[in-house]
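Structure first, commentary second.
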Amino acid sequence: QVKLVESGGGLVQPGGSLTLSCEVSGAGFSGLEMAWYRQVPDKERDFVARISRYGNTDYNDAVKGRFAISKDNTVNTAYLHMNNLIPEDTAVYYCRARHVETFWGQGTWVTVSS
């Protein structure tokens, strides 16, 4: 059973930083493509960032230069480092793992507000 557990969300002021974590169990982590998506109520889930099994990264233009995705194969965890946060970044952030199948975490709220 593959399980993804996100953590690190919360309330942050505009201009602040947060790091989200996604711990994966039940799968060979090093072989997974990991990604982050986000969703606000009544809207579709949007792609944020992706890191391949080889470490290649890809970002939504809206977060490029502010967010960074990384992973640590030794602790089966992917990260989303978010800097210079703006109110438009407020959303539920979801971690996604993919190899042959796709798996999602339960989501973690990020609220950017003064």
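A note on labels: chains of the structure tokens are A, B, ... as shown, every chain counts residues from 1, and ligands are counted from 1 in their shown order.
The neighbours of Pro87 (chain A) here are the residues that come within 12 Å of it, using only C-alpha atoms and leaving out any residue fewer than 6 positions away in the same chain; they are A:Leu11, A:Val12, A:Gln13, A:Pro14, A:Gly15, A:Gly16, A:Val40, A:Val110, A:Thr111, A:Val112, A:Ser113, A:Ser114.
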Selection above as a file: N, CA, C and O atoms, as a compact mmCIF listing (two decimals), in the first residue's frame:
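Here's the written file part.txt:
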# COMPACT_ATOMS: atom_id res chain seq x y z
N LEU A 11 -0.17 29.06 8.09
CA LEU A 11 -0.41 30.46 7.79
C LEU A 11 0.91 31.20 7.74
O LEU A 11 1.74 31.06 8.65
N VAL A 12 1.11 31.99 6.69
CA VAL A 12 2.35 32.75 6.55
C VAL A 12 2.01 34.12 5.97
O VAL A 12 1.05 34.26 5.20
N GLN A 13 2.79 35.11 6.33
CA GLN A 13 2.56 36.46 5.82
C GLN A 13 3.12 36.58 4.40
O GLN A 13 4.05 35.86 4.03
N PRO A 14 2.56 37.50 3.63
CA PRO A 14 3.14 37.75 2.29
C PRO A 14 4.63 38.06 2.39
O PRO A 14 5.07 38.79 3.28
N GLY A 15 5.38 37.46 1.47
CA GLY A 15 6.83 37.62 1.49
C GLY A 15 7.54 36.56 2.30
O GLY A 15 8.78 36.46 2.26
N GLY A 16 6.80 35.77 3.03
CA GLY A 16 7.38 34.75 3.88
C GLY A 16 7.71 33.46 3.14
O GLY A 16 7.53 33.37 1.91
N VAL A 40 -7.56 25.45 -5.14
CA VAL A 40 -8.40 26.32 -4.32
C VAL A 40 -9.84 25.86 -4.51
O VAL A 40 -10.17 25.24 -5.54
N VAL A 110 -2.06 25.82 2.73
CA VAL A 110 -1.14 26.94 2.83
C VAL A 110 -1.95 28.22 2.67
O VAL A 110 -2.65 28.38 1.66
N THR A 111 -1.90 29.07 3.67
CA THR A 111 -2.63 30.33 3.63
C THR A 111 -1.63 31.47 3.73
O THR A 111 -0.86 31.54 4.68
N VAL A 112 -1.66 32.36 2.73
CA VAL A 112 -0.76 33.51 2.70
C VAL A 112 -1.61 34.76 2.94
O VAL A 112 -2.40 35.15 2.08
N SER A 113 -1.45 35.34 4.12
CA SER A 113 -2.29 36.47 4.49
C SER A 113 -1.62 37.28 5.59
O SER A 113 -0.91 36.73 6.43
N SER A 114 -1.89 38.57 5.57
CA SER A 114 -1.38 39.42 6.64
C SER A 114 -2.43 39.59 7.73
O SER A 114 -2.19 40.23 8.74
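Considering the residues A:Ala78, A:Ala68, A:Leu85, A:Val100 and counting only C-alpha atoms, Leu4 (chain A) has its shortest atom-to-atom contact with A:Ala78.
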Measuring atom to atom with only C-alpha atoms, identify which of A:Asn73, A:Tyr94, A:Asp61, A:Ile51 is nearest to Trp36 (chain A).
A:Tyr94
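Across the model, the gap from CA of Ala91 (chain A) to CA of Ala27 (chain A) is 27.2 Å.
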What parts of chain A does DSSP call helix (DSSP H, G or I)? I'd like the answer as a VMD selection string.
chain A and resid 29 to 31 87 to 89
Can you write out the residues you just picked, keeping N, CA, C and O atoms, as a short mmCIF file (atom, residue, chain, number, x, y, z; two decimals), in the first residue's frame?
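Written output follows (again36.cif):
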data_model
loop_
_atom_site.label_atom_id
_atom_site.label_comp_id
_atom_site.auth_asym_id
_atom_site.auth_seq_id
_atom_site.Cartn_x
_atom_site.Cartn_y
_atom_site.Cartn_z
N PHE A 29 11.02 4.61 -3.52
CA PHE A 29 11.00 6.06 -3.67
C PHE A 29 11.92 6.56 -4.78
O PHE A 29 11.56 7.45 -5.54
N SER A 30 13.10 5.98 -4.89
CA SER A 30 14.07 6.50 -5.85
C SER A 30 13.60 6.36 -7.29
O SER A 30 14.07 7.07 -8.18
N GLY A 31 12.67 5.48 -7.54
CA GLY A 31 12.17 5.28 -8.89
C GLY A 31 10.94 6.11 -9.23
O GLY A 31 10.41 6.00 -10.34
N PRO A 87 -0.42 36.21 -1.69
CA PRO A 87 -1.76 35.69 -1.37
C PRO A 87 -2.30 34.72 -2.41
O PRO A 87 -3.05 33.79 -2.06
N GLU A 88 -1.93 34.89 -3.66
CA GLU A 88 -2.40 34.00 -4.72
C GLU A 88 -1.86 32.57 -4.60
O GLU A 88 -2.31 31.66 -5.29
N ASP A 89 -0.88 32.38 -3.71
CA ASP A 89 -0.36 31.03 -3.47
C ASP A 89 -1.23 30.26 -2.48
O ASP A 89 -0.98 29.07 -2.25
#
Those in region 7-84 of chain A with strand (DSSP E or B) from DSSP, as number ranges by chain:
A: 7, 10-12, 18-25, 33-39, 46-51, 57-59, 67-72, 77-82
